[in-house]
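The structure file structure-v6.cif is reproduced below (mmCIF, C-alpha atoms and all ligand atoms).
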```
data_data
loop_
_atom_site.label_atom_id
_atom_site.label_comp_id
_atom_site.auth_asym_id
_atom_site.auth_seq_id
_atom_site.Cartn_x
_atom_site.Cartn_y
_atom_site.Cartn_z
CA MET A 1 90.97 56.31 39.57
CA ASP A 2 93.77 56.65 42.14
CA LYS A 3 96.08 59.63 41.77
CA LYS A 4 98.97 59.35 39.28
CA VAL A 5 102.13 58.05 40.93
CA SER A 6 104.83 60.71 41.06
CA VAL A 7 108.33 61.06 42.51
CA LYS A 8 106.63 62.66 45.53
CA THR A 9 104.36 59.61 45.99
CA LEU A 10 107.37 57.28 45.88
CA PHE A 11 109.34 59.32 48.43
CA LYS A 12 106.28 59.39 50.69
CA LYS A 13 105.97 55.60 50.46
CA LYS A 14 109.62 55.19 51.49
CA LYS A 15 109.16 57.60 54.40
CA GLU A 16 106.07 55.73 55.60
CA GLY A 17 107.77 52.33 55.24
CA LYS A 18 105.29 51.24 52.55
CA LYS A 19 106.78 48.94 49.89
CA ILE A 20 107.01 50.13 46.29
CA THR A 21 106.13 47.72 43.47
CA MET A 22 107.76 47.83 40.05
CA VAL A 23 107.40 45.59 37.00
CA SER A 24 109.50 45.58 33.83
CA THR A 25 107.33 45.31 30.80
CA TYR A 26 107.17 46.29 27.15
CA ASP A 27 103.61 46.33 25.79
CA TYR A 28 100.17 47.90 26.13
CA LEU A 29 98.22 44.95 27.56
CA SER A 30 100.68 43.83 30.22
CA ALA A 31 101.11 47.48 31.25
CA LYS A 32 97.33 47.82 31.54
CA PHE A 33 97.14 44.71 33.76
CA CYS A 34 99.91 46.04 36.02
CA ASP A 35 98.29 49.47 36.21
CA GLU A 36 94.86 48.03 36.96
CA VAL A 37 96.13 46.02 39.94
CA GLY A 38 97.96 49.07 41.30
CA ILE A 39 101.64 48.36 40.52
CA ASP A 40 103.40 51.65 41.32
CA CYS A 41 106.09 51.78 38.62
CA LEU A 42 106.54 50.25 35.19
CA LEU A 43 110.00 49.98 33.75
CA VAL A 44 110.39 49.64 30.01
CA GLY A 45 113.63 47.78 30.55
CA ASP A 46 116.30 46.89 28.05
CA SER A 47 115.67 43.32 29.23
CA LEU A 48 113.35 43.48 26.22
CA GLY A 49 116.45 42.47 24.26
CA MET A 50 116.24 38.98 25.73
CA VAL A 51 112.57 38.69 26.62
CA PHE A 52 110.95 40.35 23.59
CA LYS A 53 113.61 40.03 20.86
CA GLY A 54 115.08 36.67 21.91
CA GLU A 55 118.63 38.02 22.00
CA GLU A 56 121.44 36.83 24.23
CA ASN A 57 121.83 40.07 26.18
CA THR A 58 120.68 43.70 26.36
CA LEU A 59 123.44 45.21 24.21
CA GLY A 60 121.56 45.25 20.89
CA VAL A 61 118.56 47.26 22.11
CA SER A 62 118.23 50.60 20.33
CA LEU A 63 116.88 53.96 21.47
CA GLU A 64 114.12 53.66 18.85
CA GLU A 65 113.03 50.31 20.31
CA ILE A 66 112.85 51.77 23.83
CA ILE A 67 110.80 54.68 22.47
CA TYR A 68 108.46 52.34 20.56
CA HIS A 69 107.83 50.09 23.60
CA THR A 70 107.53 52.98 26.06
CA LYS A 71 104.84 54.55 23.89
CA ALA A 72 102.92 51.25 23.94
CA VAL A 73 103.29 50.90 27.73
CA LYS A 74 102.17 54.51 28.29
CA LYS A 75 98.96 53.78 26.36
CA GLY A 76 98.06 51.09 28.91
CA VAL A 77 98.76 53.23 31.96
CA LYS A 78 96.54 55.65 33.85
CA ARG A 79 98.29 55.73 37.19
CA ALA A 80 101.71 54.06 37.29
CA PHE A 81 105.06 55.90 37.12
CA VAL A 82 106.67 54.91 33.81
CA ILE A 83 110.46 54.66 33.48
CA ALA A 84 112.22 54.29 30.13
CA ASP A 85 115.56 52.46 30.20
CA MET A 86 118.36 54.21 28.31
CA PRO A 87 119.89 51.45 26.17
CA PHE A 88 123.58 50.63 25.74
CA GLY A 89 125.25 53.22 23.49
CA SER A 90 122.67 55.95 24.07
CA TYR A 91 124.51 57.67 26.95
CA GLN A 92 128.09 56.38 26.89
CA VAL A 93 129.47 58.47 24.00
CA SER A 94 129.34 61.93 25.60
CA VAL A 95 127.37 63.91 28.13
CA GLU A 96 125.88 66.01 25.31
CA LYS A 97 124.72 62.95 23.37
CA ALA A 98 123.28 61.44 26.55
CA ILE A 99 121.28 64.59 27.30
CA GLU A 100 120.06 64.80 23.71
CA ASN A 101 118.91 61.15 23.78
CA ALA A 102 117.23 61.44 27.17
CA ILE A 103 115.34 64.54 26.02
CA LYS A 104 114.26 62.67 22.87
CA VAL A 105 112.93 59.77 25.00
CA ILE A 106 111.00 62.06 27.34
CA LYS A 107 109.57 64.21 24.52
CA GLU A 108 108.49 61.29 22.33
CA THR A 109 107.23 58.88 25.00
CA LYS A 110 106.13 61.16 27.84
CA ALA A 111 107.80 58.72 30.26
CA ASP A 112 108.07 59.97 33.84
CA ALA A 113 111.79 59.15 34.17
CA VAL A 114 114.76 57.56 32.46
CA LYS A 115 117.00 54.87 33.94
CA LEU A 116 120.77 54.68 33.46
CA GLU A 117 123.14 51.94 34.57
CA GLY A 118 126.42 52.78 36.27
CA GLY A 119 128.16 54.62 39.08
CA LYS A 120 130.78 57.36 39.00
CA GLU A 121 131.05 57.33 35.19
CA ILE A 122 127.45 58.58 34.82
CA LEU A 123 127.45 61.25 37.55
CA PRO A 124 127.94 64.21 35.15
CA ILE A 125 124.99 62.97 33.06
CA VAL A 126 122.76 62.51 36.11
CA GLU A 127 123.64 66.02 37.33
CA ARG A 128 122.82 67.61 33.96
CA LEU A 129 119.57 65.68 33.58
CA ALA A 130 118.48 66.59 37.10
CA ASP A 131 119.37 70.26 36.38
CA ILE A 132 117.17 70.36 33.32
CA GLY A 133 114.32 68.64 35.14
CA ILE A 134 114.48 65.05 33.91
CA ALA A 135 113.93 62.47 36.64
CA VAL A 136 116.70 59.88 36.67
CA VAL A 137 116.65 56.37 38.13
CA GLY A 138 120.10 54.90 38.81
CA HIS A 139 121.03 51.23 38.52
CA LEU A 140 123.88 49.63 40.48
CA GLY A 141 125.03 46.13 41.43
CA PHE A 142 124.97 43.71 38.54
CA THR A 143 124.54 45.97 35.51
CA PRO A 144 123.71 43.89 32.40
CA GLN A 145 125.07 46.50 29.98
CA LYS A 146 128.55 45.56 31.29
CA ILE A 147 128.05 41.85 30.59
CA GLN A 148 131.26 41.76 28.53
CA ILE A 149 133.19 42.74 31.66
CA PHE A 150 131.17 40.65 34.13
CA GLY A 151 131.19 37.58 31.87
CA SER A 152 127.87 36.38 33.33
CA ALA A 153 125.31 37.47 35.89
CA LYS A 154 126.92 37.62 39.32
CA VAL A 155 126.34 38.84 42.85
CA VAL A 156 128.00 42.24 43.30
CA GLY A 157 129.00 43.51 46.74
CA LYS A 158 130.31 40.36 48.40
CA ARG A 159 133.89 41.61 48.71
CA GLU A 160 134.63 44.47 51.11
CA GLY A 161 135.97 46.72 48.30
CA GLU A 162 132.89 46.15 46.15
CA ARG A 163 130.59 46.78 49.09
CA LYS A 164 132.31 50.09 49.88
CA ARG A 165 132.20 51.15 46.21
CA LEU A 166 128.49 50.31 45.93
CA LEU A 167 127.63 52.42 48.96
CA GLU A 168 129.80 55.34 47.77
CA GLU A 169 128.31 55.24 44.27
CA ALA A 170 124.75 55.00 45.61
CA LEU A 171 125.32 58.08 47.77
CA ALA A 172 126.98 59.89 44.85
CA LEU A 173 124.04 59.14 42.54
CA GLU A 174 121.62 60.50 45.13
CA LYS A 175 123.77 63.61 45.54
CA ALA A 176 123.91 64.08 41.75
CA GLY A 177 120.10 64.21 41.70
CA ALA A 178 118.85 60.66 41.00
CA VAL A 179 115.28 60.21 42.27
CA MET A 180 115.38 56.44 42.70
CA LEU A 181 117.89 53.58 42.56
CA VAL A 182 117.60 50.01 41.28
CA LEU A 183 119.96 47.54 42.97
CA GLU A 184 120.43 44.31 41.05
CA VAL A 185 121.81 41.07 42.54
CA THR A 186 123.54 42.31 45.67
CA PRO A 187 123.78 40.64 49.08
CA TRP A 188 120.74 41.53 51.19
CA ASP A 189 122.77 43.14 53.98
CA VAL A 190 124.52 45.50 51.52
CA ALA A 191 121.16 46.42 50.00
CA LYS A 192 119.76 47.00 53.50
CA GLU A 193 122.59 49.36 54.41
CA ILE A 194 122.25 51.31 51.16
CA THR A 195 118.47 51.55 51.60
CA GLN A 196 118.89 52.90 55.13
CA LYS A 197 121.55 55.43 54.14
CA LEU A 198 119.73 56.85 51.10
CA THR A 199 116.74 59.17 51.20
CA ILE A 200 115.68 58.23 47.66
CA PRO A 201 113.71 54.96 47.23
CA VAL A 202 115.84 51.87 46.56
CA ILE A 203 114.24 49.13 44.50
CA GLY A 204 115.77 45.67 44.58
CA ILE A 205 115.93 42.74 42.21
CA GLY A 206 117.80 39.86 43.77
CA ALA A 207 118.76 42.22 46.58
CA GLY A 208 116.73 40.79 49.45
CA LYS A 209 113.71 42.08 51.30
CA TYR A 210 115.01 45.20 53.02
CA THR A 211 114.92 47.52 50.02
CA ASP A 212 112.07 50.04 49.68
CA GLY A 213 110.52 48.01 46.89
CA GLN A 214 110.95 45.19 44.40
CA VAL A 215 111.10 44.87 40.64
CA LEU A 216 110.61 41.74 38.53
CA VAL A 217 110.21 41.26 34.80
CA PHE A 218 106.56 40.65 33.87
CA HIS A 219 107.36 37.56 31.77
CA ASP A 220 109.36 36.05 34.66
CA LEU A 221 106.74 36.61 37.31
CA VAL A 222 103.90 35.20 35.22
CA GLY A 223 106.04 32.19 34.30
CA LEU A 224 106.41 32.77 30.57
CA VAL A 225 110.21 32.59 30.54
CA GLU A 226 111.01 28.88 30.64
CA ASP A 227 114.70 28.55 29.83
CA ILE A 228 116.23 30.47 32.72
CA LYS A 229 115.05 31.07 36.24
CA PRO A 230 117.50 33.05 38.35
CA ARG A 231 117.26 32.43 42.10
CA PHE A 232 115.64 35.84 42.65
CA VAL A 233 112.68 35.12 40.34
CA LYS A 234 109.40 33.91 41.77
CA ARG A 235 106.80 32.61 39.32
CA TYR A 236 103.31 33.55 40.50
CA VAL A 237 101.65 31.47 37.79
CA GLU A 238 102.99 28.84 35.40
CA GLY A 239 102.10 30.99 32.38
CA SER A 240 103.97 29.00 29.75
CA LYS A 241 102.16 25.80 30.81
CA LEU A 242 98.75 27.51 30.69
CA PHE A 243 99.47 29.10 27.29
CA LYS A 244 100.69 25.82 25.81
CA GLU A 245 97.63 23.97 27.10
CA ALA A 246 95.38 26.59 25.47
CA LEU A 247 97.34 26.48 22.20
CA SER A 248 97.28 22.67 22.07
CA GLN A 249 93.52 22.67 22.72
CA TYR A 250 93.00 25.27 19.94
CA LYS A 251 95.12 23.21 17.52
CA LYS A 252 93.18 20.04 18.38
CA GLU A 253 89.77 21.73 18.00
CA VAL A 254 90.66 23.28 14.62
CA GLU A 255 92.03 19.98 13.34
CA GLU A 256 88.94 18.07 14.56
CA GLY A 257 86.46 20.67 13.23
CA ILE A 258 85.24 21.59 16.73
CA PHE A 259 86.31 25.23 16.45
CA PRO A 260 84.65 27.43 15.32
CA SER A 261 81.28 26.22 16.56
CA GLU A 262 77.94 27.99 15.93
CA GLU A 263 78.71 30.28 18.82
CA GLN A 264 81.72 31.74 16.99
CA SER A 265 79.97 31.89 13.59
CA TYR A 266 77.77 34.52 11.94
CA GLU A 267 74.29 33.91 10.39
O1 LIG B 1 115.93 45.91 31.93
C1 LIG B 1 115.28 45.64 32.96
O2 LIG B 1 114.18 45.10 32.90
C2 LIG B 1 115.89 46.00 34.22
C3 LIG B 1 115.30 45.45 35.48
C4 LIG B 1 115.45 43.99 35.55
C5 LIG B 1 115.79 46.14 36.68
O3 LIG B 1 116.85 46.72 34.24
#
```
Rewrite the structure from the file as structure tokens, please.
Amino acid sequence: MDKKVSVKTLFKKKKEGKKITMVSTYDYLSAKFCDEVGIDCLLVGDSLGMVFKGEENTLGVSLEEIIYHTKAVKKGVKRAFVIADMPFGSYQVSVEKAIENAIKVIKETKADAVKLEGGKEILPIVERLADIGIAVVGHLGFTPQKIQIFGSAKVVGKREGERKRLLEEALALEKAGAVMLVLEVTPWDVAKEITQKLTIPVIGIGAGKYTDGQVLVFHDLVGLVEDIKPRFVKRYVEGSKLFKEALSQYKKEVEEGIFPSEEQSYE
């Protein structure tokens, strides 16, 4: 087995110009597949609100759900760096509550890091977590936990003011002690500049090819999500089509008495 991926490994990859791979996922088997093919990082993202629970956005995801899914993902992983997403409401009330919740996640799941969305408003939390030894991944650009402000998914960093703020907040997160940064839906040239100016690895989703690595949601990249396909998603297999073909065949064979055959039956 390859060595376990650590913060040190990820920094080394950035330094050597080697791309970092990250997949968002929520269960044992998909985590095992990712780990077995050598994906570097697994993010137990609050996107599970939409993808796993069928909800409209990420706001309803609870700390308990993140803990439950992170435990399942950890069981499938031998090598990858596992990040647990702090859900909406788990770090916005106070710094103390945020620290308490992050400690709970790390203790109960044994995740390697936690991820928090936001810029200047989360700096005191990032500083405290870094001080007590919890690895923090930041998340800037389009931040789905602020969907009620954004209205819908949008590109962040097009206007000069936004671009400047993104760069300042990225640098501030690094200074506060974040070990990695996710940049979501930002123009590629902004992402490139941030990636060049930061020493911590920058992972993009809809942020072009110049970041240190990429993240996609498992269900998007294997083509299971049918209803929406943002521009930044690439489907590497038409999973929903394959699954439906298999299910239709199963239905047909049961109805026609073809399944189970002798091969699937006991003497
Ligand atoms: O929740 C999630 O899966 C995420 C990634 C899409 C970055 O935050």
### Message
With all atoms listed in the file as the counted atoms, please give the residues lying no more than 8 Å from segment 136-145 of chain A, apart from itself and same-chain residues fewer than 6 positions off, as a VMD selection string.
### Response
chain A and resid 57 to 59 83 88 113 to 119 126 129 to 130 153 to 157 166 170 173 177 to 186
Find the nearest atom pair between each residue of chain A and ligand LIG 1 (chain B) for residues within 7 Å, count only C-alpha atoms and all ligand atoms, give distances in Å to one decimal, sort rows by chain and ascending number, and present the table as a Markdown table.
```
| residue | atom | partner | partner_atom | distance |
| --- | --- | --- | --- | --- |
| A:Ser24 | CA | B:LIG1 | O2 | 4.8 |
| A:Leu43 | CA | B:LIG1 | O2 | 6.5 |
| A:Val44 | CA | B:LIG1 | O2 | 6.6 |
| A:Gly45 | CA | B:LIG1 | O1 | 3.3 |
| A:Asp46 | CA | B:LIG1 | O1 | 4.0 |
| A:Ser47 | CA | B:LIG1 | O1 | 3.8 |
| A:Leu48 | CA | B:LIG1 | O1 | 6.7 |
| A:Asp85 | CA | B:LIG1 | O1 | 6.8 |
| A:Val182 | CA | B:LIG1 | C5 | 6.3 |
| A:Glu184 | CA | B:LIG1 | C5 | 6.6 |
| A:Ile205 | CA | B:LIG1 | C5 | 6.5 |
| A:Val215 | CA | B:LIG1 | C5 | 6.3 |
| A:Leu216 | CA | B:LIG1 | C4 | 6.1 |
| A:Val217 | CA | B:LIG1 | O2 | 5.8 |
```
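Nearest to Lys71 of chain A of all the residues A:Asp27, A:Val51, A:Glu121, A:Ile39 is A:Asp27, counting only C-alpha atoms.
Among the candidate residues A:Lys244, A:Lys32, A:Arg231, A:Lys18, the one lying nearest to Gly76 of chain A is A:Lys32, with distances computed using all atoms listed in the file.
Picture a line from atom CA of Lys4 of chain A to atom CA of Gln196 of chain A; it runs 26.3 Å.
What separates atom CA of Thr70 of chain A from atom CA of Ile134 of chain A is a distance of 16.0 Å.
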Once you add 6 Å to each side, what are the centre and edge lengths of the axis-aligned box holding all listed atoms of segment 128-137 of chain A? One decimal in Å, as JSON, if you can.
```
{"center_x": 118.4, "center_y": 63.4, "center_z": 35.7, "size_x": 20.9, "size_y": 26.0, "size_z": 16.8}
```
#### Entry: For Val233 of chain A: contacts at 8 Å, all atoms listed in the file, fewer than 2 positions along chain excluded, given as an MDAnalysis selection string
chainID A and resid 206 216 220:221 229:231 235
Any chance you could export the current selection's C-alpha atoms as an mmCIF file, keeping the file's coordinate frame?
```cif
data_model
loop_
_atom_site.group_PDB
_atom_site.id
_atom_site.type_symbol
_atom_site.label_atom_id
_atom_site.label_comp_id
_atom_site.auth_asym_id
_atom_site.auth_seq_id
_atom_site.Cartn_x
_atom_site.Cartn_y
_atom_site.Cartn_z
ATOM 1 C CA GLY A 206 117.800 39.860 43.770
ATOM 2 C CA LEU A 216 110.610 41.740 38.530
ATOM 3 C CA ASP A 220 109.360 36.050 34.660
ATOM 4 C CA LEU A 221 106.740 36.610 37.310
ATOM 5 C CA LYS A 229 115.050 31.070 36.240
ATOM 6 C CA PRO A 230 117.500 33.050 38.350
ATOM 7 C CA ARG A 231 117.260 32.430 42.100
ATOM 8 C CA ARG A 235 106.800 32.610 39.320
#
```
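With distances restricted to all atoms listed in the file, A:Lys146 is the closest residue to Gly89 of chain A from A:Lys120, A:Lys104, A:His69, A:Lys146.
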### Query
Expressed in Å to a single decimal, how great is the separation between atom CA of Val73 of chain A and atom CA of Lys209 of chain A?
27.2 Å
Can you pull out the residues contacting segment 78-81 of chain A? Cut-off 6 Å, using only C-alpha atoms, and skip same-chain residues under 3 positions away; I want them as a CSV table (one decimal) with C-alpha atoms, keeping the file's coordinate frame.
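And here's result-v1.csv as it stands now:
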```csv
chain,number,residue,atom,x,y,z
A,4,LYS,CA,99.0,59.4,39.3
A,5,VAL,CA,102.1,58.0,40.9
A,35,ASP,CA,98.3,49.5,36.2
A,40,ASP,CA,103.4,51.6,41.3
A,41,CYS,CA,106.1,51.8,38.6
```
### Query
What's the 6 Å shell around Pro187 of chain A, counting only C-alpha atoms, without same-chain residues fewer than 2 positions away, as a ChimeraX atom specification?
/A:189-190,207
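Closest to Glu127 of chain A among A:Leu29, A:Leu167, A:Ala98, A:Ala176 is A:Ala176, based on all atoms listed in the file.
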### Query
Taking into account all atoms listed in the file, which residue in the set A:Ile122, A:His219, A:Val23, A:Gly54 is nearest to Val82 of chain A?
A:Val23
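Nearest residue to Phe218 of chain A, choosing from A:Ala102, A:Ala31, A:Leu63, A:Thr9 and counting all atoms listed in the file: A:Ala31.
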Can you give me all heavy atoms for segment 192-203 of chain A, written as a PDB file, in the coordinates of the input?
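Result file follows (rebuild_7.pdb):
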```pdb
ATOM      1  N   LYS A 192     120.418  46.424  52.314  1.00  0.00           N
ATOM      2  CA  LYS A 192     119.760  47.000  53.500  1.00  0.00           C
ATOM      3  C   LYS A 192     120.484  48.281  53.938  1.00  0.00           C
ATOM      4  O   LYS A 192     119.848  49.316  54.183  1.00  0.00           O
ATOM      5  CB  LYS A 192     119.777  45.953  54.631  1.00  0.00           C
ATOM      6  CG  LYS A 192     119.037  46.389  55.868  1.00  0.00           C
ATOM      7  CD  LYS A 192     119.096  45.304  56.935  1.00  0.00           C
ATOM      8  CE  LYS A 192     118.384  45.770  58.187  1.00  0.00           C
ATOM      9  NZ  LYS A 192     118.554  44.833  59.284  1.00  0.00           N
ATOM     10  N   GLU A 193     121.810  48.195  53.981  1.00  0.00           N
ATOM     11  CA  GLU A 193     122.590  49.360  54.410  1.00  0.00           C
ATOM     12  C   GLU A 193     122.395  50.539  53.446  1.00  0.00           C
ATOM     13  O   GLU A 193     122.173  51.678  53.876  1.00  0.00           O
ATOM     14  CB  GLU A 193     124.085  48.984  54.500  1.00  0.00           C
ATOM     15  CG  GLU A 193     124.900  50.081  55.152  1.00  0.00           C
ATOM     16  CD  GLU A 193     126.396  49.771  55.181  1.00  0.00           C
ATOM     17  OE1 GLU A 193     126.798  48.623  54.895  1.00  0.00           O
ATOM     18  OE2 GLU A 193     127.154  50.712  55.500  1.00  0.00           O
ATOM     19  N   ILE A 194     122.430  50.241  52.155  1.00  0.00           N
ATOM     20  CA  ILE A 194     122.250  51.310  51.160  1.00  0.00           C
ATOM     21  C   ILE A 194     120.853  51.930  51.306  1.00  0.00           C
ATOM     22  O   ILE A 194     120.690  53.148  51.312  1.00  0.00           O
ATOM     23  CB  ILE A 194     122.506  50.778  49.728  1.00  0.00           C
ATOM     24  CG1 ILE A 194     123.991  50.416  49.575  1.00  0.00           C
ATOM     25  CG2 ILE A 194     122.082  51.783  48.668  1.00  0.00           C
ATOM     26  CD1 ILE A 194     124.364  49.745  48.261  1.00  0.00           C
ATOM     27  N   THR A 195     119.858  51.067  51.465  1.00  0.00           N
ATOM     28  CA  THR A 195     118.470  51.550  51.600  1.00  0.00           C
ATOM     29  C   THR A 195     118.329  52.463  52.823  1.00  0.00           C
ATOM     30  O   THR A 195     117.660  53.500  52.760  1.00  0.00           O
ATOM     31  CB  THR A 195     117.507  50.341  51.716  1.00  0.00           C
ATOM     32  OG1 THR A 195     117.719  49.496  50.579  1.00  0.00           O
ATOM     33  CG2 THR A 195     116.055  50.777  51.757  1.00  0.00           C
ATOM     34  N   GLN A 196     118.987  52.083  53.907  1.00  0.00           N
ATOM     35  CA  GLN A 196     118.890  52.900  55.130  1.00  0.00           C
ATOM     36  C   GLN A 196     119.631  54.223  54.984  1.00  0.00           C
ATOM     37  O   GLN A 196     119.207  55.235  55.539  1.00  0.00           O
ATOM     38  CB  GLN A 196     119.461  52.121  56.321  1.00  0.00           C
ATOM     39  CG  GLN A 196     118.521  51.027  56.794  1.00  0.00           C
ATOM     40  CD  GLN A 196     119.171  50.074  57.793  1.00  0.00           C
ATOM     41  OE1 GLN A 196     120.390  50.051  57.944  1.00  0.00           O
ATOM     42  NE2 GLN A 196     118.352  49.272  58.456  1.00  0.00           N
ATOM     43  N   LYS A 197     120.737  54.207  54.228  1.00  0.00           N
ATOM     44  CA  LYS A 197     121.550  55.430  54.140  1.00  0.00           C
ATOM     45  C   LYS A 197     121.031  56.429  53.101  1.00  0.00           C
ATOM     46  O   LYS A 197     121.381  57.610  53.161  1.00  0.00           O
ATOM     47  CB  LYS A 197     123.008  55.070  53.827  1.00  0.00           C
ATOM     48  CG  LYS A 197     123.648  54.299  54.989  1.00  0.00           C
ATOM     49  CD  LYS A 197     125.102  54.637  55.186  1.00  0.00           C
ATOM     50  CE  LYS A 197     125.576  54.214  56.567  1.00  0.00           C
ATOM     51  NZ  LYS A 197     126.640  53.208  56.526  1.00  0.00           N
ATOM     52  N   LEU A 198     120.221  55.952  52.159  1.00  0.00           N
ATOM     53  CA  LEU A 198     119.730  56.850  51.100  1.00  0.00           C
ATOM     54  C   LEU A 198     118.354  57.419  51.460  1.00  0.00           C
ATOM     55  O   LEU A 198     117.556  56.731  52.102  1.00  0.00           O
ATOM     56  CB  LEU A 198     119.630  56.079  49.769  1.00  0.00           C
ATOM     57  CG  LEU A 198     120.805  56.257  48.791  1.00  0.00           C
ATOM     58  CD1 LEU A 198     122.139  55.942  49.431  1.00  0.00           C
ATOM     59  CD2 LEU A 198     120.604  55.432  47.545  1.00  0.00           C
ATOM     60  N   THR A 199     118.097  58.640  51.007  1.00  0.00           N
ATOM     61  CA  THR A 199     116.740  59.170  51.200  1.00  0.00           C
ATOM     62  C   THR A 199     115.861  58.844  50.005  1.00  0.00           C
ATOM     63  O   THR A 199     114.646  58.815  50.112  1.00  0.00           O
ATOM     64  CB  THR A 199     116.752  60.707  51.425  1.00  0.00           C
ATOM     65  OG1 THR A 199     117.690  61.268  50.524  1.00  0.00           O
ATOM     66  CG2 THR A 199     117.136  61.067  52.827  1.00  0.00           C
ATOM     67  N   ILE A 200     116.490  58.584  48.834  1.00  0.00           N
ATOM     68  CA  ILE A 200     115.680  58.230  47.660  1.00  0.00           C
ATOM     69  C   ILE A 200     115.287  56.748  47.767  1.00  0.00           C
ATOM     70  O   ILE A 200     115.998  55.953  48.394  1.00  0.00           O
ATOM     71  CB  ILE A 200     116.440  58.490  46.323  1.00  0.00           C
ATOM     72  CG1 ILE A 200     117.762  57.681  46.247  1.00  0.00           C
ATOM     73  CG2 ILE A 200     116.719  59.966  46.134  1.00  0.00           C
ATOM     74  CD1 ILE A 200     118.445  57.740  44.882  1.00  0.00           C
ATOM     75  N   PRO A 201     114.134  56.369  47.167  1.00  0.00           N
ATOM     76  CA  PRO A 201     113.710  54.960  47.230  1.00  0.00           C
ATOM     77  C   PRO A 201     114.704  54.029  46.513  1.00  0.00           C
ATOM     78  O   PRO A 201     115.218  54.363  45.443  1.00  0.00           O
ATOM     79  CB  PRO A 201     112.365  54.960  46.502  1.00  0.00           C
ATOM     80  CG  PRO A 201     111.897  56.373  46.523  1.00  0.00           C
ATOM     81  CD  PRO A 201     113.131  57.225  46.500  1.00  0.00           C
ATOM     82  N   VAL A 202     114.958  52.887  47.132  1.00  0.00           N
ATOM     83  CA  VAL A 202     115.840  51.870  46.560  1.00  0.00           C
ATOM     84  C   VAL A 202     114.986  50.642  46.226  1.00  0.00           C
ATOM     85  O   VAL A 202     114.297  50.104  47.083  1.00  0.00           O
ATOM     86  CB  VAL A 202     116.969  51.491  47.540  1.00  0.00           C
ATOM     87  CG1 VAL A 202     117.847  50.382  46.965  1.00  0.00           C
ATOM     88  CG2 VAL A 202     117.820  52.715  47.874  1.00  0.00           C
ATOM     89  N   ILE A 203     115.055  50.242  44.969  1.00  0.00           N
ATOM     90  CA  ILE A 203     114.240  49.130  44.500  1.00  0.00           C
ATOM     91  C   ILE A 203     115.174  47.957  44.194  1.00  0.00           C
ATOM     92  O   ILE A 203     116.131  48.109  43.441  1.00  0.00           O
ATOM     93  CB  ILE A 203     113.454  49.518  43.212  1.00  0.00           C
ATOM     94  CG1 ILE A 203     112.712  50.858  43.386  1.00  0.00           C
ATOM     95  CG2 ILE A 203     112.498  48.408  42.779  1.00  0.00           C
ATOM     96  CD1 ILE A 203     111.671  50.895  44.474  1.00  0.00           C
TER      97      ILE A 203
END
```
